[in-house]
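Listing of input-v8.cif; format and content: mmCIF, N, CA and C atoms.
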```
data_model
loop_
_atom_site.label_atom_id
_atom_site.label_comp_id
_atom_site.auth_asym_id
_atom_site.auth_seq_id
_atom_site.Cartn_x
_atom_site.Cartn_y
_atom_site.Cartn_z
N MET A 1 -31.11 -47.67 -13.92
CA MET A 1 -30.81 -49.07 -14.03
C MET A 1 -31.44 -49.69 -15.28
N GLU A 2 -32.18 -48.88 -16.02
CA GLU A 2 -32.82 -49.38 -17.25
C GLU A 2 -31.78 -49.91 -18.23
N ALA A 3 -30.57 -49.33 -18.21
CA ALA A 3 -29.52 -49.77 -19.13
C ALA A 3 -29.11 -51.22 -18.89
N PHE A 4 -29.39 -51.73 -17.68
CA PHE A 4 -29.04 -53.11 -17.35
C PHE A 4 -30.25 -54.03 -17.33
N SER A 5 -31.36 -53.58 -17.88
CA SER A 5 -32.58 -54.40 -17.87
C SER A 5 -32.47 -55.54 -18.87
N GLN A 6 -33.35 -56.50 -18.73
CA GLN A 6 -33.36 -57.64 -19.64
C GLN A 6 -33.64 -57.18 -21.07
N LYS A 7 -34.54 -56.24 -21.22
CA LYS A 7 -34.88 -55.73 -22.55
C LYS A 7 -33.66 -55.13 -23.24
N MET A 8 -32.94 -54.25 -22.53
CA MET A 8 -31.76 -53.60 -23.11
C MET A 8 -30.65 -54.62 -23.37
N HIS A 9 -30.49 -55.57 -22.45
CA HIS A 9 -29.47 -56.61 -22.60
C HIS A 9 -29.76 -57.43 -23.86
N ARG A 10 -31.02 -57.82 -24.03
CA ARG A 10 -31.41 -58.62 -25.19
C ARG A 10 -31.18 -57.84 -26.49
N GLU A 11 -31.58 -56.55 -26.50
CA GLU A 11 -31.40 -55.73 -27.70
C GLU A 11 -29.93 -55.60 -28.07
N SER A 12 -29.06 -55.40 -27.07
CA SER A 12 -27.63 -55.27 -27.33
C SER A 12 -27.06 -56.56 -27.92
N LEU A 13 -27.45 -57.69 -27.33
CA LEU A 13 -26.96 -58.97 -27.83
C LEU A 13 -27.51 -59.26 -29.22
N LYS A 14 -28.76 -58.90 -29.48
CA LYS A 14 -29.35 -59.10 -30.81
C LYS A 14 -28.58 -58.29 -31.87
N GLN A 15 -28.15 -57.09 -31.52
CA GLN A 15 -27.36 -56.28 -32.46
C GLN A 15 -26.05 -56.98 -32.79
N LEU A 16 -25.40 -57.57 -31.79
CA LEU A 16 -24.16 -58.30 -32.05
C LEU A 16 -24.41 -59.53 -32.91
N ILE A 17 -25.51 -60.21 -32.68
CA ILE A 17 -25.86 -61.39 -33.48
C ILE A 17 -26.13 -60.97 -34.92
N GLU A 18 -26.91 -59.90 -35.10
CA GLU A 18 -27.23 -59.42 -36.45
C GLU A 18 -26.00 -58.91 -37.19
N ALA A 19 -25.02 -58.39 -36.45
CA ALA A 19 -23.79 -57.91 -37.07
C ALA A 19 -22.83 -59.05 -37.40
N GLY A 20 -23.18 -60.26 -36.97
CA GLY A 20 -22.35 -61.41 -37.28
C GLY A 20 -21.23 -61.66 -36.28
N VAL A 21 -21.25 -60.95 -35.17
CA VAL A 21 -20.21 -61.13 -34.15
C VAL A 21 -20.40 -62.45 -33.41
N MET A 22 -21.66 -62.81 -33.19
CA MET A 22 -21.98 -64.08 -32.51
C MET A 22 -23.00 -64.83 -33.35
N ASP A 23 -22.97 -66.13 -33.24
CA ASP A 23 -23.91 -66.95 -33.99
C ASP A 23 -24.75 -67.76 -33.01
N TRP A 24 -25.68 -67.07 -32.34
CA TRP A 24 -26.54 -67.71 -31.35
C TRP A 24 -27.96 -67.73 -31.85
N PRO A 25 -28.63 -68.86 -31.76
CA PRO A 25 -30.07 -68.87 -32.07
C PRO A 25 -30.83 -68.17 -30.93
N ASP A 26 -32.06 -67.73 -31.21
CA ASP A 26 -32.87 -67.04 -30.20
C ASP A 26 -33.09 -67.89 -28.95
N GLU A 27 -33.17 -69.21 -29.12
CA GLU A 27 -33.40 -70.09 -27.97
C GLU A 27 -32.23 -70.01 -26.98
N VAL A 28 -31.01 -69.99 -27.50
CA VAL A 28 -29.82 -69.89 -26.63
C VAL A 28 -29.80 -68.53 -25.96
N LEU A 29 -30.08 -67.49 -26.73
CA LEU A 29 -30.09 -66.13 -26.18
C LEU A 29 -31.10 -66.01 -25.05
N ASP A 30 -32.33 -66.44 -25.30
CA ASP A 30 -33.40 -66.25 -24.32
C ASP A 30 -33.33 -67.20 -23.13
N HIS A 31 -32.98 -68.45 -23.35
CA HIS A 31 -33.07 -69.44 -22.28
C HIS A 31 -31.75 -69.69 -21.56
N VAL A 32 -30.64 -69.58 -22.25
CA VAL A 32 -29.34 -69.85 -21.63
C VAL A 32 -28.71 -68.56 -21.12
N VAL A 33 -28.54 -67.59 -22.00
CA VAL A 33 -27.84 -66.35 -21.62
C VAL A 33 -28.71 -65.46 -20.74
N LEU A 34 -29.88 -65.07 -21.23
CA LEU A 34 -30.74 -64.16 -20.47
C LEU A 34 -31.43 -64.86 -19.29
N GLY A 35 -31.40 -66.17 -19.27
CA GLY A 35 -32.00 -66.92 -18.17
C GLY A 35 -31.01 -67.33 -17.11
N SER A 36 -29.77 -66.88 -17.23
CA SER A 36 -28.72 -67.28 -16.30
C SER A 36 -28.34 -66.12 -15.37
N ASP A 37 -28.21 -66.42 -14.08
CA ASP A 37 -27.78 -65.40 -13.12
C ASP A 37 -26.37 -64.91 -13.44
N LEU A 38 -25.54 -65.77 -13.99
CA LEU A 38 -24.17 -65.40 -14.32
C LEU A 38 -24.12 -64.33 -15.41
N PHE A 39 -24.93 -64.49 -16.44
CA PHE A 39 -24.91 -63.56 -17.57
C PHE A 39 -25.95 -62.46 -17.47
N ALA A 40 -26.85 -62.55 -16.53
CA ALA A 40 -27.94 -61.58 -16.43
C ALA A 40 -28.08 -61.09 -14.98
N PRO A 41 -27.22 -60.15 -14.56
CA PRO A 41 -27.23 -59.72 -13.15
C PRO A 41 -28.54 -59.05 -12.72
N TYR A 42 -29.34 -58.55 -13.65
CA TYR A 42 -30.60 -57.91 -13.29
C TYR A 42 -31.54 -58.90 -12.60
N ARG A 43 -31.31 -60.18 -12.80
CA ARG A 43 -32.13 -61.19 -12.14
C ARG A 43 -31.87 -61.25 -10.64
N LEU A 44 -30.74 -60.70 -10.19
CA LEU A 44 -30.35 -60.77 -8.78
C LEU A 44 -30.68 -59.51 -8.00
N GLY A 45 -31.26 -58.51 -8.65
CA GLY A 45 -31.70 -57.31 -7.95
C GLY A 45 -30.84 -56.09 -8.21
N GLU A 46 -31.35 -54.96 -7.74
CA GLU A 46 -30.71 -53.67 -8.02
C GLU A 46 -29.34 -53.53 -7.36
N GLN A 47 -29.17 -54.08 -6.16
CA GLN A 47 -27.88 -53.96 -5.48
C GLN A 47 -26.78 -54.65 -6.28
N VAL A 48 -27.05 -55.84 -6.78
CA VAL A 48 -26.06 -56.57 -7.58
C VAL A 48 -25.79 -55.82 -8.87
N MET A 49 -26.84 -55.25 -9.47
CA MET A 49 -26.65 -54.49 -10.70
C MET A 49 -25.76 -53.27 -10.45
N THR A 50 -25.93 -52.61 -9.32
CA THR A 50 -25.11 -51.45 -8.98
C THR A 50 -23.66 -51.87 -8.80
N ILE A 51 -23.43 -52.99 -8.14
CA ILE A 51 -22.07 -53.50 -7.96
C ILE A 51 -21.44 -53.83 -9.31
N LYS A 52 -22.21 -54.50 -10.17
CA LYS A 52 -21.70 -54.84 -11.51
C LYS A 52 -21.39 -53.59 -12.32
N ALA A 53 -22.24 -52.56 -12.21
CA ALA A 53 -21.99 -51.31 -12.93
C ALA A 53 -20.69 -50.66 -12.43
N GLY A 54 -20.50 -50.64 -11.11
CA GLY A 54 -19.27 -50.09 -10.54
C GLY A 54 -18.05 -50.87 -11.00
N GLU A 55 -18.20 -52.17 -11.08
CA GLU A 55 -17.12 -53.04 -11.56
C GLU A 55 -16.75 -52.67 -13.00
N GLN A 56 -17.74 -52.48 -13.84
CA GLN A 56 -17.50 -52.11 -15.24
C GLN A 56 -16.85 -50.73 -15.36
N ILE A 57 -17.26 -49.80 -14.50
CA ILE A 57 -16.66 -48.46 -14.51
C ILE A 57 -15.18 -48.56 -14.14
N MET A 58 -14.85 -49.34 -13.12
CA MET A 58 -13.45 -49.49 -12.70
C MET A 58 -12.60 -50.14 -13.79
N ILE A 59 -13.16 -51.14 -14.47
CA ILE A 59 -12.43 -51.77 -15.57
C ILE A 59 -12.19 -50.75 -16.68
N SER A 60 -13.21 -49.97 -16.99
CA SER A 60 -13.07 -48.94 -18.04
C SER A 60 -12.00 -47.92 -17.66
N LEU A 61 -12.02 -47.47 -16.40
CA LEU A 61 -11.01 -46.50 -15.95
C LEU A 61 -9.60 -47.09 -16.03
N ALA A 62 -9.46 -48.36 -15.70
CA ALA A 62 -8.15 -49.00 -15.77
C ALA A 62 -7.64 -49.02 -17.21
N TYR A 63 -8.50 -49.40 -18.16
CA TYR A 63 -8.09 -49.42 -19.56
C TYR A 63 -7.79 -48.01 -20.08
N MET A 64 -8.59 -47.03 -19.67
CA MET A 64 -8.34 -45.65 -20.11
C MET A 64 -7.02 -45.14 -19.54
N THR A 65 -6.72 -45.50 -18.30
CA THR A 65 -5.46 -45.09 -17.68
C THR A 65 -4.28 -45.72 -18.40
N LEU A 66 -4.37 -47.02 -18.69
CA LEU A 66 -3.29 -47.69 -19.41
C LEU A 66 -3.07 -47.07 -20.79
N GLU A 67 -4.14 -46.75 -21.48
CA GLU A 67 -4.00 -46.15 -22.81
C GLU A 67 -3.43 -44.74 -22.72
N ALA A 68 -3.85 -43.97 -21.73
CA ALA A 68 -3.31 -42.61 -21.56
C ALA A 68 -1.81 -42.67 -21.29
N ILE A 69 -1.39 -43.58 -20.44
CA ILE A 69 0.04 -43.74 -20.16
C ILE A 69 0.76 -44.22 -21.40
N ASN A 70 0.17 -45.15 -22.15
CA ASN A 70 0.75 -45.67 -23.38
C ASN A 70 1.00 -44.55 -24.39
N GLN A 71 0.10 -43.57 -24.42
CA GLN A 71 0.24 -42.45 -25.35
C GLN A 71 1.04 -41.29 -24.77
N GLY A 72 1.55 -41.48 -23.56
CA GLY A 72 2.39 -40.45 -22.94
C GLY A 72 1.59 -39.29 -22.37
N LEU A 73 0.32 -39.48 -22.14
CA LEU A 73 -0.53 -38.39 -21.65
C LEU A 73 -0.61 -38.32 -20.14
N GLY A 74 -0.30 -39.39 -19.47
CA GLY A 74 -0.46 -39.42 -18.02
C GLY A 74 -1.94 -39.46 -17.66
N VAL A 75 -2.23 -39.26 -16.41
CA VAL A 75 -3.62 -39.34 -15.97
C VAL A 75 -4.02 -38.12 -15.16
N VAL A 76 -3.62 -36.95 -15.60
CA VAL A 76 -3.97 -35.71 -14.92
C VAL A 76 -5.48 -35.51 -14.90
N GLY A 77 -6.17 -35.98 -15.90
CA GLY A 77 -7.63 -35.81 -15.98
C GLY A 77 -8.38 -36.46 -14.84
N TRP A 78 -7.78 -37.45 -14.18
CA TRP A 78 -8.48 -38.10 -13.07
C TRP A 78 -8.61 -37.17 -11.88
N GLY A 79 -7.82 -36.09 -11.86
CA GLY A 79 -7.94 -35.13 -10.77
C GLY A 79 -9.35 -34.58 -10.64
N ASP A 80 -9.97 -34.34 -11.77
CA ASP A 80 -11.34 -33.82 -11.75
C ASP A 80 -12.29 -34.85 -11.16
N ILE A 81 -12.09 -36.10 -11.50
CA ILE A 81 -12.96 -37.16 -10.98
C ILE A 81 -12.79 -37.28 -9.47
N THR A 82 -11.54 -37.29 -8.99
CA THR A 82 -11.33 -37.43 -7.56
C THR A 82 -11.81 -36.19 -6.81
N GLN A 83 -11.74 -35.02 -7.44
CA GLN A 83 -12.26 -33.80 -6.83
C GLN A 83 -13.76 -33.93 -6.60
N ARG A 84 -14.45 -34.58 -7.52
CA ARG A 84 -15.90 -34.73 -7.39
C ARG A 84 -16.26 -35.78 -6.34
N CYS A 85 -15.31 -36.62 -5.99
CA CYS A 85 -15.56 -37.65 -4.97
C CYS A 85 -15.34 -37.05 -3.59
N SER A 86 -16.23 -36.22 -3.20
CA SER A 86 -16.18 -35.62 -1.87
C SER A 86 -17.41 -36.08 -1.11
N PRO A 87 -17.39 -35.98 0.19
CA PRO A 87 -18.54 -36.45 0.96
C PRO A 87 -19.85 -35.78 0.56
N ARG A 88 -19.77 -34.59 -0.03
CA ARG A 88 -21.00 -33.87 -0.39
C ARG A 88 -21.51 -34.25 -1.77
N HIS A 89 -20.75 -34.98 -2.53
CA HIS A 89 -21.10 -35.22 -3.93
C HIS A 89 -21.83 -36.55 -4.12
N GLU A 90 -22.83 -36.56 -4.97
CA GLU A 90 -23.62 -37.76 -5.24
C GLU A 90 -22.75 -38.91 -5.76
N LEU A 91 -21.74 -38.58 -6.59
CA LEU A 91 -20.85 -39.61 -7.12
C LEU A 91 -20.15 -40.34 -6.00
N ALA A 92 -19.73 -39.61 -4.96
CA ALA A 92 -19.07 -40.24 -3.83
C ALA A 92 -20.01 -41.22 -3.13
N GLU A 93 -21.28 -40.86 -3.02
CA GLU A 93 -22.24 -41.74 -2.39
C GLU A 93 -22.43 -43.02 -3.22
N ARG A 94 -22.45 -42.86 -4.54
CA ARG A 94 -22.67 -44.02 -5.41
C ARG A 94 -21.44 -44.93 -5.45
N LEU A 95 -20.25 -44.35 -5.58
CA LEU A 95 -19.03 -45.14 -5.75
C LEU A 95 -18.30 -45.41 -4.44
N ILE A 96 -18.74 -44.78 -3.36
CA ILE A 96 -18.12 -44.90 -2.05
C ILE A 96 -16.63 -44.54 -2.16
N CYS A 97 -16.36 -43.33 -2.64
CA CYS A 97 -14.97 -42.85 -2.75
C CYS A 97 -14.45 -42.48 -1.36
N PRO A 98 -13.19 -42.78 -1.09
CA PRO A 98 -12.62 -42.43 0.24
C PRO A 98 -12.41 -40.93 0.35
#
```
Is it possible to express this structure as structure tokens?
Amino acid sequence: MEAFSQKMHRESLKQLIEAGVMDWPDEVLDHVVLGSDLFAPYRLGEQVMTIKAGEQIMISLAYMTLEAINQGLGVVGWGDITQRCSPRHELAERLICP
């Protein structure tokens, strides 16, 4: 869960600011963005962070699926992922795969 910590979140946002993607002063970053439950799920605990991580994984899979179909590749590769989602596999426990 370290990837979702306040420190990592701040470092990621600082990189975007330094690259010129966003123009936020440090006060806005620290007090508005990192101080908000909406933008900083780590403030709500590990369970919420796990749900948010799962949400991001599902969004990523959806975009990857759309792009694979767009390129005519189909989604045969997901077979390996669903194979790993068995009652004995740790991934199934984390993602609650049927």
field: Close residues, region 31-41 of chain A itself excluded, 9 Å, only C-alpha atoms, min 3 positions apart in chain, as a ChimeraX atom specification
entry: /A:4-6,9-10,26-28,44-46,48-49,52
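For the pair atom C of Leu16 (chain A) and atom N of Leu29 (chain A), the interatomic distance is 11.6 Å.
The space separating atom N of Ile59 (chain A) from atom C of Trp24 (chain A) comes to 28.2 Å.
For the pair CA of Tyr42 (chain A) and atom N of Lys7 (chain A), the interatomic distance is 9.0 Å.
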